[in-house]
$ cat coords_19.pdb   # PDB, C-alpha atoms, pLDDT in the B column
ATOM      1  CA  MET A   1       8.319  -1.699 -36.924  1.00 48.00           C
ATOM      2  CA  ALA A   2      12.010  -2.505 -36.528  1.00 52.00           C
ATOM      3  CA  ALA A   3      13.272  -3.265 -33.027  1.00 54.00           C
ATOM      4  CA  LEU A   4      15.585  -0.781 -31.370  1.00 48.00           C
ATOM      5  CA  PRO A   5      19.239  -1.842 -31.098  1.00 54.00           C
ATOM      6  CA  GLN A   6      20.090  -3.312 -27.717  1.00 52.00           C
ATOM      7  CA  HIS A   7      22.871  -0.787 -27.116  1.00 53.00           C
ATOM      8  CA  ILE A   8      20.415   2.132 -27.084  1.00 50.00           C
ATOM      9  CA  ASP A   9      19.295   3.280 -23.631  1.00 52.00           C
ATOM     10  CA  ILE A  10      15.562   3.328 -24.287  1.00 48.00           C
ATOM     11  CA  GLU A  11      14.862   5.379 -21.166  1.00 51.00           C
ATOM     12  CA  SER A  12      16.979   8.174 -22.636  1.00 51.00           C
ATOM     13  CA  ILE A  13      14.228   8.551 -25.248  1.00 47.00           C
ATOM     14  CA  HIS A  14      11.533   8.991 -22.609  1.00 45.00           C
ATOM     15  CA  ALA A  15      11.601   8.345 -18.859  1.00 51.00           C
ATOM     16  CA  SER A  16       8.395   6.291 -18.953  1.00 52.00           C
ATOM     17  CA  LEU A  17       9.785   3.775 -21.481  1.00 46.00           C
ATOM     18  CA  TRP A  18      11.519   0.508 -20.624  1.00 42.00           C
ATOM     19  CA  ARG A  19      12.373  -2.784 -22.295  1.00 49.00           C
ATOM     20  CA  GLY A  20       9.933  -5.588 -21.649  1.00 47.00           C
ATOM     21  CA  ASN A  21      12.642  -7.924 -20.339  1.00 46.00           C
ATOM     22  CA  GLN A  22      13.990  -5.397 -17.831  1.00 47.00           C
ATOM     23  CA  LEU A  23      12.659  -3.627 -14.756  1.00 47.00           C
ATOM     24  CA  ALA A  24      11.876   0.006 -15.380  1.00 49.00           C
ATOM     25  CA  ARG A  25      14.006   2.550 -13.593  1.00 56.00           C
ATOM     26  CA  VAL A  26      11.261   4.632 -12.019  1.00 55.00           C
ATOM     27  CA  TYR A  27      11.709   8.305 -12.777  1.00 56.00           C
ATOM     28  CA  GLY A  28       9.750   9.280  -9.644  1.00 72.00           C
ATOM     29  CA  LYS A  29      10.563   8.735  -5.982  1.00 88.00           C
ATOM     30  CA  THR A  30      10.326   5.437  -4.148  1.00 91.00           C
ATOM     31  CA  ILE A  31      10.368   4.294  -0.517  1.00 92.00           C
ATOM     32  CA  ASP A  32      12.501   1.277   0.308  1.00 91.00           C
ATOM     33  CA  THR A  33      10.369  -1.694   1.341  1.00 93.00           C
ATOM     34  CA  GLY A  34      12.889  -2.781   3.950  1.00 91.00           C
ATOM     35  CA  TYR A  35      12.920  -6.295   2.457  1.00 92.00           C
ATOM     36  CA  ALA A  36      15.792  -6.778   0.023  1.00 92.00           C
ATOM     37  CA  ALA A  37      14.138  -9.621  -1.908  1.00 92.00           C
ATOM     38  CA  LEU A  38      10.971  -7.585  -2.468  1.00 93.00           C
ATOM     39  CA  SER A  39      12.784  -4.347  -3.310  1.00 92.00           C
ATOM     40  CA  ALA A  40      14.827  -6.193  -5.943  1.00 91.00           C
ATOM     41  CA  GLU A  41      11.596  -7.090  -7.760  1.00 90.00           C
ATOM     42  CA  LEU A  42      10.186  -3.549  -7.826  1.00 91.00           C
ATOM     43  CA  PRO A  43      11.118  -0.863 -10.363  1.00 88.00           C
ATOM     44  CA  GLY A  44      13.199   1.757  -8.599  1.00 86.00           C
ATOM     45  CA  GLY A  45      13.824  -0.631  -5.700  1.00 89.00           C
ATOM     46  CA  GLY A  46      10.837   0.325  -3.569  1.00 92.00           C
ATOM     47  CA  TRP A  47       7.228   1.438  -3.214  1.00 95.00           C
ATOM     48  CA  PRO A  48       6.468   4.091  -5.842  1.00 93.00           C
ATOM     49  CA  ILE A  49       5.496   7.527  -4.564  1.00 94.00           C
ATOM     50  CA  GLY A  50       2.843   9.507  -6.402  1.00 93.00           C
ATOM     51  CA  ALA A  51       1.294   6.446  -8.004  1.00 93.00           C
ATOM     52  CA  LEU A  52      -1.521   4.005  -7.364  1.00 96.00           C
ATOM     53  CA  VAL A  53      -0.306   0.801  -5.703  1.00 97.00           C
ATOM     54  CA  GLU A  54      -2.714  -2.096  -5.210  1.00 96.00           C
ATOM     55  CA  ARG A  55      -2.311  -4.812  -2.625  1.00 94.00           C
ATOM     56  CA  LEU A  56      -4.748  -7.661  -3.019  1.00 95.00           C
ATOM     57  CA  VAL A  57      -5.184  -9.609   0.198  1.00 93.00           C
ATOM     58  CA  GLN A  58      -6.759 -12.952   0.945  1.00 86.00           C
ATOM     59  CA  GLN A  59      -8.128 -11.506   4.172  1.00 84.00           C
ATOM     60  CA  PRO A  60      -7.267  -8.571   6.479  1.00 83.00           C
ATOM     61  CA  GLY A  61      -4.752  -9.091   9.267  1.00 81.00           C
ATOM     62  CA  ILE A  62      -2.403 -11.569   7.573  1.00 83.00           C
ATOM     63  CA  GLY A  63       0.683  -9.371   7.960  1.00 84.00           C
ATOM     64  CA  GLU A  64       0.036  -6.829   5.237  1.00 85.00           C
ATOM     65  CA  MET A  65       0.524  -3.957   7.690  1.00 87.00           C
ATOM     66  CA  ARG A  66       3.808  -5.325   9.022  1.00 87.00           C
ATOM     67  CA  LEU A  67       4.986  -5.562   5.426  1.00 91.00           C
ATOM     68  CA  LEU A  68       4.598  -1.772   5.264  1.00 91.00           C
ATOM     69  CA  LYS A  69       6.456  -1.074   8.506  1.00 90.00           C
ATOM     70  CA  PRO A  70       9.615   0.509   6.978  1.00 90.00           C
ATOM     71  CA  ALA A  71       7.521   2.579   4.560  1.00 92.00           C
ATOM     72  CA  LEU A  72       5.164   3.788   7.290  1.00 91.00           C
ATOM     73  CA  ILE A  73       8.091   4.889   9.437  1.00 91.00           C
ATOM     74  CA  ALA A  74       9.271   7.087   6.566  1.00 91.00           C
ATOM     75  CA  ALA A  75       5.762   8.324   5.780  1.00 91.00           C
ATOM     76  CA  ALA A  76       5.038   9.192   9.430  1.00 89.00           C
ATOM     77  CA  LYS A  77       7.084  12.376   9.064  1.00 90.00           C
ATOM     78  CA  TRP A  78       3.695  13.613   7.859  1.00 93.00           C
ATOM     79  CA  GLN A  79       0.183  12.332   8.525  1.00 93.00           C
ATOM     80  CA  VAL A  80      -0.768   8.729   7.755  1.00 94.00           C
ATOM     81  CA  ALA A  81      -4.408   8.470   6.706  1.00 95.00           C
ATOM     82  CA  LEU A  82      -6.406   5.248   7.120  1.00 95.00           C
ATOM     83  CA  LEU A  83      -9.565   5.288   5.007  1.00 96.00           C
ATOM     84  CA  GLN A  84     -12.236   2.618   5.511  1.00 95.00           C
ATOM     85  CA  ALA A  85      -9.949   0.473   7.699  1.00 91.00           C
ATOM     86  CA  PRO A  86     -11.631  -2.919   8.320  1.00 88.00           C
ATOM     87  CA  HIS A  87     -10.744  -2.923  12.036  1.00 84.00           C
ATOM     88  CA  VAL A  88     -10.235  -0.385  14.785  1.00 82.00           C
ATOM     89  CA  PRO A  89      -6.450   0.237  14.852  1.00 79.00           C
ATOM     90  CA  ASN A  90      -4.596  -0.655  18.031  1.00 79.00           C
ATOM     91  CA  SER A  91      -2.288   2.054  19.342  1.00 78.00           C
ATOM     92  CA  LEU A  92       0.319  -0.446  20.572  1.00 80.00           C
ATOM     93  CA  ALA A  93       0.430  -2.104  17.170  1.00 82.00           C
ATOM     94  CA  PHE A  94       1.008   1.191  15.392  1.00 84.00           C
ATOM     95  CA  ALA A  95       3.655   2.139  17.944  1.00 83.00           C
ATOM     96  CA  TYR A  96       5.416  -1.099  16.960  1.00 79.00           C
ATOM     97  CA  LEU A  97       5.073  -0.076  13.309  1.00 82.00           C
ATOM     98  CA  GLY A  98       6.734   3.246  14.139  1.00 84.00           C
ATOM     99  CA  VAL A  99       3.683   5.461  13.617  1.00 87.00           C
ATOM    100  CA  PRO A 100       2.895   7.788  16.571  1.00 87.00           C
ATOM    101  CA  LEU A 101      -0.767   8.285  17.415  1.00 86.00           C
ATOM    102  CA  ASP A 102      -0.594  11.994  16.650  1.00 88.00           C
ATOM    103  CA  LYS A 103       0.375  11.110  13.074  1.00 91.00           C
ATOM    104  CA  LEU A 104      -2.631   8.845  12.489  1.00 91.00           C
ATOM    105  CA  MET A 105      -5.830  10.075  10.865  1.00 92.00           C
ATOM    106  CA  MET A 106      -8.816   7.733  10.600  1.00 91.00           C
ATOM    107  CA  LEU A 107     -11.390   8.401   7.916  1.00 94.00           C
ATOM    108  CA  ARG A 108     -14.711   6.644   7.435  1.00 93.00           C
ATOM    109  CA  ALA A 109     -17.452   7.143   4.893  1.00 93.00           C
ATOM    110  CA  PRO A 110     -20.911   5.508   4.653  1.00 92.00           C
ATOM    111  CA  LYS A 111     -20.866   5.077   0.877  1.00 93.00           C
ATOM    112  CA  THR A 112     -18.291   4.067  -1.716  1.00 93.00           C
ATOM    113  CA  ALA A 113     -18.739   7.348  -3.593  1.00 94.00           C
ATOM    114  CA  ASP A 114     -18.087   9.307  -0.389  1.00 96.00           C
ATOM    115  CA  ALA A 115     -14.960   7.269   0.339  1.00 96.00           C
ATOM    116  CA  LEU A 116     -13.598   7.900  -3.157  1.00 96.00           C
ATOM    117  CA  TRP A 117     -14.323  11.610  -2.797  1.00 96.00           C
ATOM    118  CA  CYS A 118     -12.503  11.597   0.536  1.00 96.00           C
ATOM    119  CA  ALA A 119      -9.482   9.801  -0.945  1.00 97.00           C
ATOM    120  CA  GLU A 120      -9.188  12.422  -3.693  1.00 96.00           C
ATOM    121  CA  ARG A 121      -9.457  15.256  -1.169  1.00 95.00           C
ATOM    122  CA  VAL A 122      -6.671  13.721   0.941  1.00 96.00           C
ATOM    123  CA  LEU A 123      -4.435  13.430  -2.126  1.00 96.00           C
ATOM    124  CA  ASN A 124      -5.254  16.951  -3.319  1.00 95.00           C
ATOM    125  CA  ALA A 125      -4.368  18.369   0.112  1.00 94.00           C
ATOM    126  CA  ARG A 126      -0.836  16.901  -0.227  1.00 93.00           C
ATOM    127  CA  SER A 127      -0.433  16.802   3.552  1.00 91.00           C
ATOM    128  CA  CYS A 128      -0.192  13.033   4.079  1.00 95.00           C
ATOM    129  CA  GLY A 129       2.875  10.877   3.686  1.00 95.00           C
ATOM    130  CA  ALA A 130       0.705   7.817   3.123  1.00 96.00           C
ATOM    131  CA  LEU A 131      -2.922   7.020   2.391  1.00 97.00           C
ATOM    132  CA  LEU A 132      -4.096   3.460   3.012  1.00 96.00           C
ATOM    133  CA  PHE A 133      -7.513   2.885   1.464  1.00 97.00           C
ATOM    134  CA  TRP A 134      -9.516  -0.332   1.916  1.00 96.00           C
ATOM    135  CA  GLN A 135     -12.210  -0.885  -0.695  1.00 94.00           C
ATOM    136  CA  GLN A 136     -14.140  -4.001  -1.674  1.00 90.00           C
ATOM    137  CA  HIS A 137     -15.616  -2.788  -4.954  1.00 89.00           C
ATOM    138  CA  ILE A 138     -14.345   0.047  -7.124  1.00 92.00           C
ATOM    139  CA  ARG A 139     -15.095   0.953 -10.734  1.00 91.00           C
ATOM    140  CA  SER A 140     -12.359   1.300 -13.335  1.00 91.00           C
ATOM    141  CA  GLU A 141     -13.031   5.017 -13.848  1.00 93.00           C
ATOM    142  CA  ALA A 142     -12.630   5.591 -10.094  1.00 94.00           C
ATOM    143  CA  LEU A 143      -9.294   3.784 -10.209  1.00 94.00           C
ATOM    144  CA  ARG A 144      -8.145   6.083 -12.994  1.00 94.00           C
ATOM    145  CA  ARG A 145      -9.167   9.156 -10.992  1.00 95.00           C
ATOM    146  CA  LEU A 146      -7.179   7.938  -7.984  1.00 95.00           C
ATOM    147  CA  HIS A 147      -4.185   7.178 -10.173  1.00 94.00           C
ATOM    148  CA  LEU A 148      -4.254  10.653 -11.727  1.00 94.00           C
ATOM    149  CA  ALA A 149      -4.746  12.354  -8.345  1.00 95.00           C
ATOM    150  CA  ALA A 150      -1.797  10.464  -6.868  1.00 95.00           C
ATOM    151  CA  GLN A 151       0.534  11.505  -9.686  1.00 93.00           C
ATOM    152  CA  ALA A 152       0.373  15.133  -8.551  1.00 91.00           C
ATOM    153  CA  THR A 153       1.545  14.225  -5.019  1.00 94.00           C
ATOM    154  CA  GLU A 154       4.417  12.705  -3.086  1.00 93.00           C
ATOM    155  CA  THR A 155       2.048  10.432  -1.177  1.00 96.00           C
ATOM    156  CA  LEU A 156       2.337   6.670  -0.855  1.00 96.00           C
ATOM    157  CA  LEU A 157      -1.116   5.531  -1.998  1.00 97.00           C
ATOM    158  CA  ILE A 158      -1.948   1.928  -1.116  1.00 97.00           C
ATOM    159  CA  LEU A 159      -5.327   0.599  -2.210  1.00 97.00           C
ATOM    160  CA  VAL A 160      -6.199  -2.656  -0.423  1.00 96.00           C
ATOM    161  CA  ARG A 161      -8.655  -4.853  -2.332  1.00 95.00           C
ATOM    162  CA  PRO A 162      -9.794  -8.501  -2.159  1.00 94.00           C
ATOM    163  CA  LEU A 163      -7.620 -11.137  -3.791  1.00 92.00           C
ATOM    164  CA  ALA A 164     -10.369 -11.867  -6.317  1.00 92.00           C
ATOM    165  CA  SER A 165      -9.792  -8.406  -7.806  1.00 91.00           C
ATOM    166  CA  ALA A 166      -6.581  -9.693  -9.390  1.00 89.00           C
ATOM    167  CA  GLN A 167      -8.627 -10.636 -12.463  1.00 88.00           C
ATOM    168  CA  ASP A 168      -9.775  -7.040 -12.979  1.00 89.00           C
ATOM    169  CA  SER A 169      -7.864  -4.572 -15.118  1.00 87.00           C
ATOM    170  CA  SER A 170      -6.336  -1.613 -13.332  1.00 93.00           C
ATOM    171  CA  PRO A 171      -4.234   1.462 -14.157  1.00 92.00           C
ATOM    172  CA  ALA A 172      -2.176   0.868 -10.996  1.00 94.00           C
ATOM    173  CA  THR A 173       1.576   1.127 -11.475  1.00 90.00           C
ATOM    174  CA  LEU A 174       2.146  -1.827  -9.150  1.00 94.00           C
ATOM    175  CA  ARG A 175      -0.172  -4.678  -8.152  1.00 95.00           C
ATOM    176  CA  LEU A 176       0.772  -7.324  -5.578  1.00 95.00           C
ATOM    177  CA  SER A 177      -1.215 -10.166  -4.072  1.00 94.00           C
ATOM    178  CA  VAL A 178      -0.518 -11.046  -0.441  1.00 93.00           C
ATOM    179  CA  ARG A 179      -1.361 -14.373   1.187  1.00 92.00           C
ATOM    180  CA  PRO A 180      -0.403 -15.843   4.574  1.00 89.00           C
ATOM    181  CA  ALA A 181       2.393 -18.372   4.947  1.00 88.00           C
ATOM    182  CA  ASP A 182       4.333 -19.976   7.784  1.00 84.00           C
ATOM    183  CA  GLY A 183       6.441 -17.262   9.418  1.00 82.00           C
ATOM    184  CA  GLY A 184       5.292 -14.524   7.090  1.00 87.00           C
ATOM    185  CA  ILE A 185       3.542 -13.971   3.788  1.00 91.00           C
ATOM    186  CA  VAL A 186       3.714 -14.960   0.133  1.00 93.00           C
ATOM    187  CA  VAL A 187       3.734 -12.149  -2.434  1.00 93.00           C
ATOM    188  CA  ASP A 188       2.848 -12.526  -6.100  1.00 93.00           C
ATOM    189  CA  VAL A 189       3.744  -9.714  -8.491  1.00 92.00           C
ATOM    190  CA  ILE A 190       0.651  -9.300 -10.649  1.00 93.00           C
ATOM    191  CA  LYS A 191       1.700  -6.123 -12.431  1.00 91.00           C
ATOM    192  CA  ARG A 192       4.845  -4.013 -12.539  1.00 85.00           C
ATOM    193  CA  ARG A 193       6.809  -2.014 -15.069  1.00 76.00           C
ATOM    194  CA  GLY A 194       8.974  -4.870 -16.196  1.00 71.00           C
ATOM    195  CA  PRO A 195       8.882  -8.567 -17.067  1.00 71.00           C
ATOM    196  CA  THR A 196       6.228 -10.868 -15.653  1.00 73.00           C
ATOM    197  CA  ARG A 197       7.301 -12.742 -12.519  1.00 67.00           C
ATOM    198  CA  THR A 198       5.796 -16.217 -12.224  1.00 72.00           C
ATOM    199  CA  ASP A 199       7.599 -17.338  -9.060  1.00 80.00           C
ATOM    200  CA  GLN A 200       6.160 -16.613  -5.636  1.00 83.00           C
ATOM    201  CA  LEU A 201       8.139 -14.439  -3.267  1.00 90.00           C
ATOM    202  CA  SER A 202       8.251 -15.584   0.366  1.00 91.00           C
ATOM    203  CA  ILE A 203       8.857 -12.861   2.952  1.00 91.00           C
ATOM    204  CA  HIS A 204       9.567 -13.581   6.600  1.00 89.00           C
ATOM    205  CA  LEU A 205       7.899 -11.107   8.952  1.00 86.00           C
ATOM    206  CA  GLN A 206       8.898 -10.460  12.521  1.00 75.00           C
ATOM    207  CA  PRO A 207       5.863 -11.203  14.719  1.00 69.00           C
ATOM    208  CA  SER A 208       4.304  -8.257  16.465  1.00 64.00           C
ATOM    209  CA  PRO A 209       5.276  -8.087  20.169  1.00 58.00           C
ATOM    210  CA  ILE A 210       1.583  -7.465  20.901  1.00 58.00           C
ATOM    211  CA  LEU A 211       0.621 -10.866  19.556  1.00 48.00           C
ATOM    212  CA  LEU A 212       3.431 -12.461  21.536  1.00 47.00           C
ATOM    213  CA  SER A 213       2.190 -11.072  24.868  1.00 46.00           C
ATOM    214  CA  PRO A 214      -0.484 -12.870  26.934  1.00 47.00           C
ATOM    215  CA  HIS A 215      -2.773  -9.845  26.654  1.00 45.00           C
ATOM    216  CA  GLY A 216      -2.239  -9.750  22.898  1.00 44.00           C
ATOM    217  CA  ARG A 217      -3.267 -13.373  22.463  1.00 41.00           C
ATOM    218  CA  VAL A 218      -6.476 -12.734  24.369  1.00 37.00           C
ATOM    219  CA  ARG A 219      -7.297  -9.623  22.331  1.00 41.00           C
ATOM    220  CA  ARG A 220      -7.149 -11.584  19.089  1.00 39.00           C
ATOM    221  CA  TYR A 221     -10.451 -13.238  20.012  1.00 37.00           C
ATOM    222  CA  LEU A 222     -12.199 -10.220  21.544  1.00 36.00           C
ATOM    223  CA  PRO A 223     -13.775  -7.162  19.931  1.00 39.00           C
ATOM    224  CA  ALA A 224     -11.206  -4.559  18.921  1.00 39.00           C
ATOM    225  CA  PRO A 225     -10.351  -2.371  21.934  1.00 37.00           C
ATOM    226  CA  ALA A 226     -10.387   1.374  22.084  1.00 37.00           C
ATOM    227  CA  PHE A 227      -7.112   3.126  21.549  1.00 36.00           C
ATOM    228  CA  ALA A 228      -4.788   2.836  24.499  1.00 35.00           C
ATOM    229  CA  GLY A 229      -3.093   6.067  25.436  1.00 37.00           C
ATOM    230  CA  GLY A 230      -5.105   8.324  23.173  1.00 40.00           C
ATOM    231  CA  VAL A 231      -7.316   8.562  20.137  1.00 39.00           C
ATOM    232  CA  PRO A 232      -6.114   9.557  16.682  1.00 43.00           C
ATOM    233  CA  SER A 233      -7.798  12.214  14.619  1.00 45.00           C
ATOM    234  CA  GLU A 234     -10.958  10.772  13.138  1.00 47.00           C
ATOM    235  CA  VAL A 235     -13.244  12.189  10.515  1.00 49.00           C
ATOM    236  CA  VAL A 236     -16.547  10.600   9.598  1.00 45.00           C
ATOM    237  CA  ILE A 237     -17.835  11.547   6.161  1.00 46.00           C
ATOM    238  CA  SER A 238     -21.631  11.577   6.222  1.00 39.00           C
ATOM    239  CA  ASP A 239     -24.361  12.455   3.765  1.00 36.00           C
TER     240      ASP A 239
END
$ encode --input "coords_19.pdb" --output "structure tokens"
Amino acid sequence: MAALPQHIDIESIHASLWRGNQLARVYGKTIDTGYAALSAELPGGGWPIGALVERLVQQPGIGEMRLLKPALIAAAKWQVALLQAPHVPNSLAFAYLGVPLDKLMMLRAPKTADALWCAERVLNARSCGALLFWQQHIRSEALRRLHLAAQATETLLILVRPLASAQDSSPATLRLSVRPADGGIVVDVIKRRGPTRTDQLSIHLQPSPILLSPHGRVRRYLPAPAFAGGVPSEVVISD
């Protein structure tokens, strides 16, 4: 098949098309990441809305939540759902992230199948600005269901998986790996609508004021405390 002439705007043929050596101009909505270097590497200049986004982390608590701070502030106009969060959220930390307690909704499920069902119900309800879903193991057909469910929404869907999952195939529109580094994190772009990026992206994160306080340093080595100043909505999905 003959190549298209360079002067033709390929996206004028169909919005989902793009040249392999260029970033796609996302035809859906995006939320600015708040980090210029990261936004410049993402199609549309931000986190895609109504799409499956995967963040693959070396371990929880390395700054992946602070990376989402600008996006969570925007999403907190509606509810922010936390599904299968690995730790009990701290109210002061989420206040720093710009998410009021009355906008938080914690969801827990005893089985993977129940958690996936819950994620689809949250997306189908279209009442959340963001859904953060932590999952260790997930089948490819479940990923496709999440991706399709997200496309009918204006929800920021972030699926947090282990770093080892980078080797697995996924229908996600965007896949990033996140690892700790001095003063922040290192991000690798595993998949995006555009050319492959081989260079690592270093992002400096402002430290949380909670971790800078004497009480915060003590809490890092103690069991997670109960919410200070209130408890968010919590739903436990049982058999």
$ closest_residue --input "coords_19.pdb" --among "A:Ile190, A:Leu56, A:Cys128, A:Leu156" --to "Thr30 of chain A" --atoms "all atoms listed in the file"
A:Leu156
$ closest_residue --input "coords_19.pdb" --among "A:Thr173, A:Gln79, A:Ser127, A:Ser165" --to "Leu146 of chain A" --atoms "only C-alpha atoms"
A:Thr173
$ atom_distance --input "coords_19.pdb" --atom1 "atom CA of Met105 of chain A" --atom2 "atom CA of Ala51 of chain A"
20.5 Å
$ atom_distance --input "coords_19.pdb" --atom1 "atom CA of Gly44 of chain A" --atom2 "atom CA of Leu116 of chain A"
28.0 Å
$ atom_distance --input "coords_19.pdb" --atom1 "atom CA of Gly184 of chain A" --atom2 "atom CA of Leu97 of chain A"
15.7 Å
$ resolve_selection --input "coords_19.pdb" --expression "the PyMOL selection byres ((chain A and resi 175) around 7)" --output "CSV table (one decimal) with C-alpha atoms, in the frame of the given file"
chain,number,residue,atom,x,y,z
A,53,VAL,CA,-0.3,0.8,-5.7
A,54,GLU,CA,-2.7,-2.1,-5.2
A,55,ARG,CA,-2.3,-4.8,-2.6
A,172,ALA,CA,-2.2,0.9,-11.0
A,173,THR,CA,1.6,1.1,-11.5
A,174,LEU,CA,2.1,-1.8,-9.2
A,176,LEU,CA,0.8,-7.3,-5.6
A,177,SER,CA,-1.2,-10.2,-4.1
A,189,VAL,CA,3.7,-9.7,-8.5
A,190,ILE,CA,0.7,-9.3,-10.6
A,191,LYS,CA,1.7,-6.1,-12.4
A,192,ARG,CA,4.8,-4.0,-12.5
$ resolve_selection --input "coords_19.pdb" --expression "the PyMOL selection byres ((chain A and resi 74-77) around 8)" --output "PyMOL selection string"
chain A and resi 31+70-73+78-80+98-100+103+128-130+156
$ closest_residue --input "coords_19.pdb" --among "A:Arg126, A:Arg108, A:Arg66, A:Arg179" --to "Leu157 of chain A" --atoms "only C-alpha atoms"
A:Arg126
$ resolve_selection --input "coords_19.pdb" --expression "the PyMOL selection byres ((chain A and resi 136-140) around 7)" --output "ChimeraX atom specification"
/A:134-135,141-144,161-162,170
$ closest_residue --input "coords_19.pdb" --among "A:Ala115, A:Ala40, A:Asp102, A:Asp32" --to "Ala85 of chain A" --atoms "all atoms listed in the file"
A:Ala115
$ closest_residue --input "coords_19.pdb" --among "A:Thr155, A:Ala164, A:Arg121, A:Leu104" --to "Ser91 of chain A" --atoms "all atoms listed in the file"
A:Leu104
$ closest_residue --input "coords_19.pdb" --among "A:Thr153, A:Thr112, A:Gln167, A:Ser202" --to "Ala181 of chain A" --atoms "all atoms listed in the file"
A:Ser202
$ axis_aligned_box --input "coords_19.pdb" --around "segment 124-138 of chain A" --padding-each-side "4 Å" --output "JSON"
{"center_x": -6.4, "center_y": 7.2, "center_z": -1.5, "size_x": 26.5, "size_y": 30.4, "size_z": 19.2}
